[in-house]
Amino acid sequence: MKSTENCANHVKAGALFLSGIAAFVLQVPLASAVDFGLGVAHQGSGSTVLIPVRMENLFIEPEIRFEADSASGNSLHSVNPGVGVYWRKELGALFETYIGGKLAFGATKQTIGTTETKTGSITLGPTIGIQHFFSKQFSLGLDASLPYQHGKVKQTGQTFHSWETETRVLLRAFF
């Protein structure tokens, strides 16, 4: 029962956060230059789907990361929705850089033999990146971050935390 309530609280907190970001985005006047897009990122064994929103000096990017791996009867499945908020600066006609932070929520299910472990986590960290525009609509980017992760193993109640470096290659299309 407590696990279900905890999960519901995390979902509510995530929904409130993302709705706050959406409310902020919707307050941008229609006359300003806003570019919406769709992107993908490759990082390790997972894939991330991105929805970039570029404004004059701000870059907001909701994302969802999927990861699945299995070998020799062991498996790992992970889903991590999140959002990045960045200040952006053009570096000439074909390049731009961005710096800011990313917040993500994670749910992981890992099976080793017959033992199943479920974890929930929150990740927050600074991010810096650069992207090159091949045309007005397509870009190739690289970013690096130093996320802090705090989570809990649902079966044991044990908490964990970690710092790690993260690099991604991103392909974005803007409409």
# chains A, B, ... in the order shown; residues from 1 in each chain; ligands from 1
$ select_by_dssp --residues "segment 26-104 of chain A" --states "strand (DSSP E or B)" --output "PDB file with C-alpha atoms, in the first residue's frame"
ATOM      1  CA  ASP A  35      10.682  26.434 -32.961  1.00  0.00           C
ATOM      2  CA  PHE A  36       9.245  23.049 -31.979  1.00  0.00           C
ATOM      3  CA  GLY A  37      10.899  19.804 -32.929  1.00  0.00           C
ATOM      4  CA  LEU A  38      11.480  16.122 -32.460  1.00  0.00           C
ATOM      5  CA  GLY A  39      14.775  14.468 -31.703  1.00  0.00           C
ATOM      6  CA  VAL A  40      16.568  11.319 -30.642  1.00  0.00           C
ATOM      7  CA  ALA A  41      19.628  10.792 -28.493  1.00  0.00           C
ATOM      8  CA  HIS A  42      21.913   7.807 -28.229  1.00  0.00           C
ATOM      9  CA  GLN A  43      23.533   7.081 -24.905  1.00  0.00           C
ATOM     10  CA  GLY A  46      19.359   3.245 -24.176  1.00  0.00           C
ATOM     11  CA  SER A  47      17.538   5.563 -26.524  1.00  0.00           C
ATOM     12  CA  THR A  48      15.902   8.889 -25.748  1.00  0.00           C
ATOM     13  CA  VAL A  49      13.070  10.658 -27.564  1.00  0.00           C
ATOM     14  CA  LEU A  50      13.232  14.475 -27.296  1.00  0.00           C
ATOM     15  CA  VAL A  53      11.306  23.891 -27.916  1.00  0.00           C
ATOM     16  CA  ARG A  54      13.651  26.727 -28.967  1.00  0.00           C
ATOM     17  CA  LEU A  58      15.734  29.649 -23.895  1.00  0.00           C
ATOM     18  CA  PHE A  59      15.726  25.989 -24.845  1.00  0.00           C
ATOM     19  CA  ILE A  60      13.260  23.599 -23.136  1.00  0.00           C
ATOM     20  CA  GLU A  61      13.473  19.918 -23.963  1.00  0.00           C
ATOM     21  CA  PRO A  62      11.094  17.327 -22.481  1.00  0.00           C
ATOM     22  CA  GLU A  63      12.395  13.810 -23.011  1.00  0.00           C
ATOM     23  CA  ILE A  64      11.749  10.154 -22.273  1.00  0.00           C
ATOM     24  CA  ARG A  65      14.530   7.565 -22.125  1.00  0.00           C
ATOM     25  CA  PHE A  66      13.983   3.841 -22.667  1.00  0.00           C
ATOM     26  CA  GLU A  67      16.515   1.160 -21.853  1.00  0.00           C
ATOM     27  CA  ALA A  68      16.202  -2.596 -22.150  1.00  0.00           C
ATOM     28  CA  ASP A  69      18.904  -5.237 -21.899  1.00  0.00           C
ATOM     29  CA  SER A  70      18.825  -8.983 -21.397  1.00  0.00           C
ATOM     30  CA  ALA A  71      21.397 -11.767 -21.400  1.00  0.00           C
ATOM     31  CA  ASN A  74      19.033 -11.580 -16.599  1.00  0.00           C
ATOM     32  CA  SER A  75      17.126  -8.492 -17.727  1.00  0.00           C
ATOM     33  CA  LEU A  76      16.947  -4.747 -17.176  1.00  0.00           C
ATOM     34  CA  HIS A  77      14.072  -2.451 -18.182  1.00  0.00           C
ATOM     35  CA  SER A  78      14.102   1.266 -17.446  1.00  0.00           C
ATOM     36  CA  VAL A  79      11.873   4.263 -18.287  1.00  0.00           C
ATOM     37  CA  ASN A  80      13.009   7.805 -17.412  1.00  0.00           C
ATOM     38  CA  PRO A  81      10.830  10.829 -18.285  1.00  0.00           C
ATOM     39  CA  GLY A  82      12.481  14.201 -17.767  1.00  0.00           C
ATOM     40  CA  VAL A  83      12.988  17.758 -18.930  1.00  0.00           C
ATOM     41  CA  GLY A  84      15.988  19.964 -19.641  1.00  0.00           C
ATOM     42  CA  VAL A  85      15.878  23.754 -19.349  1.00  0.00           C
ATOM     43  CA  TYR A  86      18.790  25.610 -20.949  1.00  0.00           C
ATOM     44  CA  TRP A  87      19.971  29.102 -21.781  1.00  0.00           C
ATOM     45  CA  ARG A  88      21.088  29.095 -25.422  1.00  0.00           C
ATOM     46  CA  LYS A  89      23.424  31.290 -27.457  1.00  0.00           C
ATOM     47  CA  GLU A  90      24.025  31.293 -31.194  1.00  0.00           C
ATOM     48  CA  PHE A  95      26.264  26.598 -34.395  1.00  0.00           C
ATOM     49  CA  GLU A  96      24.695  27.217 -31.026  1.00  0.00           C
ATOM     50  CA  THR A  97      25.621  26.287 -27.481  1.00  0.00           C
ATOM     51  CA  TYR A  98      23.397  25.713 -24.482  1.00  0.00           C
ATOM     52  CA  ILE A  99      23.903  25.408 -20.736  1.00  0.00           C
ATOM     53  CA  GLY A 100      21.413  24.561 -18.021  1.00  0.00           C
ATOM     54  CA  GLY A 101      20.071  21.605 -16.115  1.00  0.00           C
ATOM     55  CA  LYS A 102      18.112  18.412 -16.500  1.00  0.00           C
ATOM     56  CA  LEU A 103      15.603  16.769 -14.149  1.00  0.00           C
ATOM     57  CA  ALA A 104      14.394  13.192 -14.669  1.00  0.00           C
TER      58      ALA A 104
END
$ residues_around --residues "segment 148-163 of chain A" --least-positions-apart "6" --cutoff "7 Å" --atoms "only C-alpha atoms" --output "ChimeraX atom specification"
/A:117-125
$ write_last_selection --atoms "all heavy atoms" --output "short mmCIF file (atom, residue, chain, number, x, y, z; two decimals), in the first residue's frame"
data_model
loop_
_atom_site.label_atom_id
_atom_site.label_comp_id
_atom_site.auth_asym_id
_atom_site.auth_seq_id
_atom_site.Cartn_x
_atom_site.Cartn_y
_atom_site.Cartn_z
N THR A 117 14.13 -6.93 -8.84
CA THR A 117 14.35 -5.72 -8.07
C THR A 117 13.77 -4.53 -8.83
O THR A 117 14.02 -4.38 -10.02
CB THR A 117 15.87 -5.48 -7.84
OG1 THR A 117 16.44 -6.63 -7.25
CG2 THR A 117 16.10 -4.29 -6.95
N LYS A 118 12.98 -3.71 -8.10
CA LYS A 118 12.42 -2.50 -8.70
C LYS A 118 12.95 -1.30 -7.95
O LYS A 118 13.02 -1.31 -6.73
CB LYS A 118 10.89 -2.51 -8.63
CG LYS A 118 10.26 -3.59 -9.46
CD LYS A 118 8.75 -3.53 -9.36
CE LYS A 118 8.12 -4.63 -10.20
NZ LYS A 118 6.65 -4.59 -10.10
N THR A 119 13.33 -0.26 -8.71
CA THR A 119 13.83 0.96 -8.09
C THR A 119 13.12 2.17 -8.70
O THR A 119 12.68 2.14 -9.85
CB THR A 119 15.36 1.13 -8.29
OG1 THR A 119 15.65 1.18 -9.68
CG2 THR A 119 16.13 -0.01 -7.66
N GLY A 120 13.06 3.21 -7.92
CA GLY A 120 12.56 4.50 -8.38
C GLY A 120 13.61 5.55 -8.04
O GLY A 120 14.28 5.44 -7.00
N SER A 121 13.81 6.53 -8.91
CA SER A 121 14.87 7.52 -8.66
C SER A 121 14.52 8.87 -9.24
O SER A 121 13.65 9.01 -10.10
CB SER A 121 16.20 7.03 -9.24
OG SER A 121 16.10 6.93 -10.64
N ILE A 122 15.24 9.86 -8.75
CA ILE A 122 15.18 11.23 -9.27
C ILE A 122 16.61 11.62 -9.62
O ILE A 122 17.53 11.37 -8.84
CB ILE A 122 14.61 12.20 -8.23
CG1 ILE A 122 13.16 11.86 -7.93
CG2 ILE A 122 14.72 13.65 -8.71
CD1 ILE A 122 12.54 12.69 -6.83
N THR A 123 16.80 12.20 -10.80
CA THR A 123 18.12 12.60 -11.28
C THR A 123 18.08 14.09 -11.61
O THR A 123 17.15 14.56 -12.26
CB THR A 123 18.51 11.80 -12.53
OG1 THR A 123 18.42 10.41 -12.23
CG2 THR A 123 19.92 12.12 -12.98
N LEU A 124 19.11 14.82 -11.17
CA LEU A 124 19.21 16.25 -11.42
C LEU A 124 20.66 16.60 -11.66
O LEU A 124 21.54 16.13 -10.93
CB LEU A 124 18.69 17.02 -10.20
CG LEU A 124 18.78 18.54 -10.24
CD1 LEU A 124 17.86 19.10 -11.32
CD2 LEU A 124 18.42 19.12 -8.89
N GLY A 125 20.93 17.39 -12.71
CA GLY A 125 22.32 17.75 -12.95
C GLY A 125 22.51 18.82 -13.99
O GLY A 125 21.64 19.05 -14.84
#
$ select_by_dssp --residues "segment 10-163 of chain A" --states "helix (DSSP H, G or I)" --output "number ranges by chain"
A: 10-26
$ write_last_selection --atoms "all heavy atoms" --output "compact mmCIF listing (two decimals), in the first residue's frame"
# COMPACT_ATOMS: atom_id res chain seq x y z
N HIS A 10 5.07 10.36 -6.60
CA HIS A 10 6.09 10.68 -7.60
C HIS A 10 5.45 11.07 -8.92
O HIS A 10 5.89 12.01 -9.58
CB HIS A 10 7.05 9.50 -7.79
CG HIS A 10 8.08 9.40 -6.73
ND1 HIS A 10 7.84 8.76 -5.54
CD2 HIS A 10 9.34 9.88 -6.66
CE1 HIS A 10 8.91 8.82 -4.79
NE2 HIS A 10 9.84 9.51 -5.44
N VAL A 11 4.40 10.34 -9.31
CA VAL A 11 3.72 10.65 -10.57
C VAL A 11 3.08 12.03 -10.48
O VAL A 11 3.16 12.84 -11.41
CB VAL A 11 2.67 9.57 -10.90
CG1 VAL A 11 1.78 10.00 -12.05
CG2 VAL A 11 3.37 8.26 -11.24
N LYS A 12 2.43 12.35 -9.36
CA LYS A 12 1.82 13.66 -9.18
C LYS A 12 2.87 14.77 -9.23
O LYS A 12 2.67 15.80 -9.87
CB LYS A 12 1.08 13.73 -7.85
CG LYS A 12 -0.21 12.95 -7.82
CD LYS A 12 -0.85 13.03 -6.44
CE LYS A 12 -2.04 12.12 -6.31
NZ LYS A 12 -2.58 12.11 -4.95
N ALA A 13 4.00 14.56 -8.55
CA ALA A 13 5.06 15.57 -8.55
C ALA A 13 5.60 15.78 -9.96
O ALA A 13 5.81 16.92 -10.39
CB ALA A 13 6.19 15.16 -7.61
N GLY A 14 5.80 14.70 -10.71
CA GLY A 14 6.28 14.81 -12.08
C GLY A 14 5.28 15.51 -12.98
O GLY A 14 5.63 16.37 -13.79
N ALA A 15 4.00 15.19 -12.81
CA ALA A 15 2.96 15.83 -13.62
C ALA A 15 2.87 17.32 -13.31
O ALA A 15 2.73 18.14 -14.22
CB ALA A 15 1.62 15.15 -13.36
N LEU A 16 2.97 17.68 -12.02
CA LEU A 16 2.94 19.09 -11.65
C LEU A 16 4.13 19.84 -12.24
O LEU A 16 4.00 20.95 -12.75
CB LEU A 16 2.92 19.25 -10.13
CG LEU A 16 1.58 18.99 -9.46
CD1 LEU A 16 1.74 18.99 -7.95
CD2 LEU A 16 0.56 20.02 -9.88
N PHE A 17 5.31 19.22 -12.16
CA PHE A 17 6.52 19.86 -12.70
C PHE A 17 6.39 20.08 -14.20
O PHE A 17 6.63 21.17 -14.71
CB PHE A 17 7.75 19.02 -12.38
CG PHE A 17 9.02 19.61 -12.92
CD1 PHE A 17 9.61 20.69 -12.28
CD2 PHE A 17 9.60 19.11 -14.06
CE1 PHE A 17 10.76 21.25 -12.78
CE2 PHE A 17 10.76 19.65 -14.57
CZ PHE A 17 11.34 20.73 -13.92
N LEU A 18 6.01 19.01 -14.93
CA LEU A 18 5.89 19.12 -16.38
C LEU A 18 4.76 20.07 -16.78
O LEU A 18 4.89 20.81 -17.76
CB LEU A 18 5.69 17.75 -17.00
CG LEU A 18 6.89 16.81 -16.88
CD1 LEU A 18 6.56 15.44 -17.45
CD2 LEU A 18 8.12 17.39 -17.57
N SER A 19 3.67 20.12 -16.01
CA SER A 19 2.61 21.07 -16.34
C SER A 19 3.07 22.51 -16.08
O SER A 19 2.66 23.43 -16.78
CB SER A 19 1.33 20.77 -15.56
OG SER A 19 1.53 20.93 -14.18
N GLY A 20 3.92 22.69 -15.07
CA GLY A 20 4.50 24.01 -14.83
C GLY A 20 5.36 24.46 -16.00
O GLY A 20 5.30 25.62 -16.42
N ILE A 21 6.17 23.54 -16.52
CA ILE A 21 6.99 23.86 -17.69
C ILE A 21 6.09 24.19 -18.88
O ILE A 21 6.32 25.14 -19.61
CB ILE A 21 7.94 22.69 -18.03
CG1 ILE A 21 8.98 22.50 -16.92
CG2 ILE A 21 8.61 22.88 -19.38
CD1 ILE A 21 9.94 23.65 -16.75
N ALA A 22 5.03 23.38 -19.08
CA ALA A 22 4.11 23.63 -20.20
C ALA A 22 3.44 24.99 -20.05
O ALA A 22 3.30 25.72 -21.03
CB ALA A 22 3.07 22.52 -20.27
N ALA A 23 3.04 25.33 -18.83
CA ALA A 23 2.41 26.64 -18.61
C ALA A 23 3.38 27.77 -18.93
O ALA A 23 3.01 28.78 -19.51
CB ALA A 23 1.93 26.75 -17.16
N PHE A 24 4.65 27.59 -18.58
CA PHE A 24 5.67 28.58 -18.89
C PHE A 24 5.83 28.73 -20.39
O PHE A 24 5.89 29.83 -20.92
CB PHE A 24 7.00 28.18 -18.24
CG PHE A 24 8.12 29.12 -18.57
CD1 PHE A 24 8.17 30.38 -17.99
CD2 PHE A 24 9.10 28.75 -19.46
CE1 PHE A 24 9.20 31.24 -18.29
CE2 PHE A 24 10.14 29.61 -19.76
CZ PHE A 24 10.19 30.86 -19.17
N VAL A 25 5.89 27.61 -21.11
CA VAL A 25 6.06 27.64 -22.56
C VAL A 25 4.86 28.31 -23.22
O VAL A 25 5.00 29.09 -24.15
CB VAL A 25 6.26 26.21 -23.10
CG1 VAL A 25 6.19 26.19 -24.61
CG2 VAL A 25 7.59 25.65 -22.64
N LEU A 26 3.66 28.02 -22.73
CA LEU A 26 2.47 28.58 -23.35
C LEU A 26 2.33 30.08 -23.13
O LEU A 26 1.56 30.73 -23.82
CB LEU A 26 1.23 27.85 -22.83
CG LEU A 26 1.12 26.39 -23.26
CD1 LEU A 26 -0.08 25.74 -22.59
CD2 LEU A 26 1.03 26.26 -24.77
$ atom_distance --atom1 "atom CA of Lys136 of chain A" --atom2 "atom CA of Gly44 of chain A"
28.5 Å
$ residues_around --residues "Leu140 of chain A" --least-positions-apart "2" --cutoff "12 Å" --atoms "only C-alpha atoms" --output "PyMOL selection string"
chain A and resi 39-42+94-97+129-138+142-143+168-174
$ atom_distance --atom1 "atom CA of Ala93 of chain A" --atom2 "atom CA of Thr167 of chain A"
24.6 Å
